[in-house]
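Participant: Quick one: structure below, then a few questions.
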Amino acid sequence: MAASSVSALQALGKKTMPGCAGTAIAGLLTGLPRPGRVAACGRYAAYLSPPGRTEVILAICASDAVRVPFGIRLGMSAAHAPLAQLRAGDPVTLGDGAVSAGTLRVRVSRWWSARPAVGPITDHDLASWAGALRQARENGGQAPGLGDNDPELLRFAGALTDGDARQALAAARGLLGRGPGSTPSGDDVMGSALAALHVLAPFHRAAAALWASCGAPVAAAVTACAGVRTTPVSAALLRHAAHGEVAGELADVLRCARGAGHDTSPARAAAQRLLRIGHSSGADCLQGITAAATALHAAGIPGLRAERPGSE
């Protein structure tokens, strides 16, 4: 940054910090400056929206917050109160590689990919990965918000296994916005399952087929109405999940699908880290990934190719 710009920021009382941003929001941060506002602010994250709208487009996060795909992560933990000076309604400027909100300016110094690249997966990988996720759920301790016997959850998981888009969509509409908190349990289950199918589709024939026939139409329908059916933060997560962009903790679990046939310990460890998120969000996300993994394993039993779809 030019010396004159630094002096100007200092004169305005702005504090400049480096941040690590998700590539999913590169367009917002690298383009021309545009206005926004702080929609909500807590100890761990501040959520930003366009002027006059409730849609969440970006989050400024403490280092120990969940690594949401639309976030820019600071190098300071919540204990150091990096967001303490921000207030809802504070003006925001996004662009030119930075975000300014209130008295805080965050400059992007690094990027991380919110869409994990997994690589080719074998039948054995998939079966072992699905088993490791089920075991982690049984031993994890954190219970999912809607439990394991919720009718709409069972309907959604069964529809994925059957590849029934109509039933999956009907169940998804019943799950959308269900549950307490800023990210309702039904949304976390759906979003993680749909994201898993999207992420694995380039590397697995069953995933490609199930995403095309069931996942993509459900994701399109859910994101079209999420803005009025659930919370702004959850709607943002669902929009990104529809593009295979997920929180870092969830991405770690998805990456462990490859090679799980040889060693499931990375998958189990990643699942345990996911289970530490929130009161039930981690368990809800793991419930959704497990449903997708189980559906893919069932689809692949007759014989699944490890190559990318369309390869010879």
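Every chain in the structure tokens takes a letter, A first, then B, and so on in the order presented; its residues are numbered from 1, and the ligands are numbered from 1 following the presented order.
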Going by DSSP on the backbone, which residues of range 22-256 of chain A come out as strand (DSSP E)? List them as a PyMOL selection string.
Facilitator: chain A and resi 22+34-41+45-49+58-61+71-74+91-95+98-101+104-112
Participant: Report the closest atom pair, with its distance in Å rounded to one decimal, for each residue of range 36-119 of chain A that has an atom no farther than 8 Å from range 192-213 of chain A; count only C-alpha atoms, sort by chain and then rising residue number, and write it as CSV.
Facilitator:
residue,atom,partner,partner_atom,distance
A:Arg115,CA,A:Val199,CA,7.1
A:Pro116,CA,A:Val199,CA,6.9
A:Ala117,CA,A:Val199,CA,7.4
A:Val118,CA,A:Leu200,CA,7.0
A:Gly119,CA,A:Phe203,CA,5.8
Participant: Per DSSP on the backbone, filter range 5-85 of chain A down to the residues in helix (DSSP H, G or I) and report them as a list in words.
Facilitator: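 So the helix (DSSP H, G or I) residues in range 5-85 of chain A would be Ser5, Val6, Ser7, Ala8, Leu9, Gln10, Ala11, Thr23, Ala24, Ile25, Ala26, Gly27, Leu28, Leu29, Thr30, Ala78, Ala79 and His80 of chain A.
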Participant: Between CA of Arg105 in chain A and CA of Gly248 in chain A, what is the distance in Å, rounded to a tenth?
Facilitator: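 Straight-line distance from CA of Arg105 in chain A to CA of Gly248 in chain A works out to 23.3 Å.
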Participant: Which residues are close to Val99 in chain A, i.e. within 9 Å by only C-alpha atoms, leaving aside same-chain residues fewer than 4 positions away? Reply as a PyMOL selection string.
Facilitator: chain A and resi 29+33+60+92-95+104-108
Participant: Output the selection as a PDB file, in the first residue's frame - N, CA and C atoms for each residue.
Facilitator:
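The file below, again22.pdb, is the result:
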ATOM      1  N   LEU A  29     -13.679  -9.227  -3.593  1.00  0.00           N
ATOM      2  CA  LEU A  29     -12.538  -8.570  -2.971  1.00  0.00           C
ATOM      3  C   LEU A  29     -11.517  -8.019  -3.962  1.00  0.00           C
ATOM      4  N   PRO A  33     -13.976  -1.083  -5.976  1.00  0.00           N
ATOM      5  CA  PRO A  33     -14.619  -0.869  -4.668  1.00  0.00           C
ATOM      6  C   PRO A  33     -16.130  -0.730  -4.789  1.00  0.00           C
ATOM      7  N   ILE A  60     -16.195 -11.440   8.087  1.00  0.00           N
ATOM      8  CA  ILE A  60     -14.860 -11.227   8.644  1.00  0.00           C
ATOM      9  C   ILE A  60     -14.793 -12.063   9.907  1.00  0.00           C
ATOM     10  N   VAL A  92     -19.337  -0.236   4.932  1.00  0.00           N
ATOM     11  CA  VAL A  92     -18.348  -1.208   4.444  1.00  0.00           C
ATOM     12  C   VAL A  92     -17.936  -0.822   3.027  1.00  0.00           C
ATOM     13  N   THR A  93     -16.652  -1.038   2.714  1.00  0.00           N
ATOM     14  CA  THR A  93     -16.170  -0.931   1.341  1.00  0.00           C
ATOM     15  C   THR A  93     -15.429  -2.210   0.990  1.00  0.00           C
ATOM     16  N   LEU A  94     -15.833  -2.848  -0.105  1.00  0.00           N
ATOM     17  CA  LEU A  94     -15.209  -4.085  -0.574  1.00  0.00           C
ATOM     18  C   LEU A  94     -14.509  -3.822  -1.901  1.00  0.00           C
ATOM     19  N   GLY A  95     -13.308  -4.380  -2.078  1.00  0.00           N
ATOM     20  CA  GLY A  95     -12.632  -4.271  -3.367  1.00  0.00           C
ATOM     21  C   GLY A  95     -11.177  -3.871  -3.237  1.00  0.00           C
ATOM     22  N   LEU A 104     -12.039  -0.911  10.966  1.00  0.00           N
ATOM     23  CA  LEU A 104     -11.151  -2.023  10.620  1.00  0.00           C
ATOM     24  C   LEU A 104     -10.967  -2.128   9.107  1.00  0.00           C
ATOM     25  N   ARG A 105      -9.732  -2.327   8.689  1.00  0.00           N
ATOM     26  CA  ARG A 105      -9.439  -2.604   7.279  1.00  0.00           C
ATOM     27  C   ARG A 105      -8.659  -3.919   7.215  1.00  0.00           C
ATOM     28  N   VAL A 106      -9.156  -4.868   6.424  1.00  0.00           N
ATOM     29  CA  VAL A 106      -8.501  -6.170   6.280  1.00  0.00           C
ATOM     30  C   VAL A 106      -7.998  -6.299   4.854  1.00  0.00           C
ATOM     31  N   ARG A 107      -6.712  -6.527   4.715  1.00  0.00           N
ATOM     32  CA  ARG A 107      -6.085  -6.688   3.398  1.00  0.00           C
ATOM     33  C   ARG A 107      -5.824  -8.174   3.172  1.00  0.00           C
ATOM     34  N   VAL A 108      -6.225  -8.683   2.005  1.00  0.00           N
ATOM     35  CA  VAL A 108      -6.024 -10.104   1.698  1.00  0.00           C
ATOM     36  C   VAL A 108      -4.539 -10.369   1.465  1.00  0.00           C
TER      37      VAL A 108
END
Participant: Report as a PyMOL selection string all protein, DNA and RNA residues lying within 10 Å of Gln85 in chain A, evaluated on only C-alpha atoms, omitting residues in the same chain fewer than 6 positions from it.
Facilitator: chain A and resi 41+101-104
Participant: Nearest to Ser281 in chain A among A:Ile57, A:Ala159, A:Val66, A:Val253, with distances taken over only C-alpha atoms: which residue is it?
Facilitator: A:Val66
Participant: Return the single residue from A:His297, A:Arg178, A:Arg34, A:His80 that is closest to Leu146 in chain A, with distances computed using only C-alpha atoms.
Facilitator: A:Arg178
Participant: Can you pull out every residue within 10 Å of Val233 in chain A, counting only C-alpha atoms, but drop anything in the same chain fewer than 6 positions away, and send it as a PyMOL selection string?
Facilitator: chain A and resi 40+47-48+54-59+68+182-184+227
Participant: Export, as a PDB file, in the first residue's frame, the selected residues with C-alpha atoms.
Facilitator:
ATOM      1  CA  ALA A  40     -24.568  -8.374  12.239  1.00  0.00           C
ATOM      2  CA  TYR A  47     -21.428 -10.522   8.538  1.00  0.00           C
ATOM      3  CA  LEU A  48     -21.574  -8.058   5.659  1.00  0.00           C
ATOM      4  CA  THR A  54     -30.324  -8.632   4.202  1.00  0.00           C
ATOM      5  CA  GLU A  55     -28.364 -11.089   2.033  1.00  0.00           C
ATOM      6  CA  VAL A  56     -25.020 -12.038   3.628  1.00  0.00           C
ATOM      7  CA  ILE A  57     -22.176 -11.914   1.106  1.00  0.00           C
ATOM      8  CA  LEU A  58     -19.020 -11.947   3.242  1.00  0.00           C
ATOM      9  CA  ALA A  59     -17.871 -12.600   6.791  1.00  0.00           C
ATOM     10  CA  VAL A  68     -16.964 -20.413   6.206  1.00  0.00           C
ATOM     11  CA  SER A 182     -28.172 -19.021  12.768  1.00  0.00           C
ATOM     12  CA  THR A 183     -27.738 -22.216  10.726  1.00  0.00           C
ATOM     13  CA  PRO A 184     -30.775 -24.476  11.295  1.00  0.00           C
ATOM     14  CA  GLY A 227     -33.453 -16.182   1.118  1.00  0.00           C
TER      15      GLY A 227
END
Participant: Could you jot down the CA of Val189 in chain A to CA of Asp284 in chain A separation for me, Å, one decimal place?
Facilitator: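 Taking CA of Val189 in chain A as the start and CA of Asp284 in chain A as the end point, the length is 5.2 Å.
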Participant: If you measure from CA of Leu74 in chain A to CA of Pro18 in chain A, what distance in Å do you get, rounded to one decimal?
Facilitator: 6.5 Å
Participant: For Gly177 in chain A, which residue out of A:Ser280, A:Thr231, A:Thr16, A:Thr264 is the nearest one, using only C-alpha atoms?
Facilitator: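 The shortest atom-to-atom distance to Gly177 in chain A comes from A:Thr231.
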Participant: Measuring atom to atom with only C-alpha atoms, identify which of A:Ser234, A:Thr161, A:Ser100, A:Ser113 is nearest to Ala251 in chain A.
Facilitator: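 Among A:Ser234, A:Thr161, A:Ser100, A:Ser113, it is A:Ser113 that comes nearest to Ala251 in chain A.
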Participant: Please provide as a ChimeraX atom specification all residues within 12 Å of Ala220 in chain A, with the sequence filter that same-chain residues fewer than 3 positions apart are discarded (counting only C-alpha atoms).
Facilitator: /A:165,169,172-173,191,194,211-212,214-217,223-226,238-243
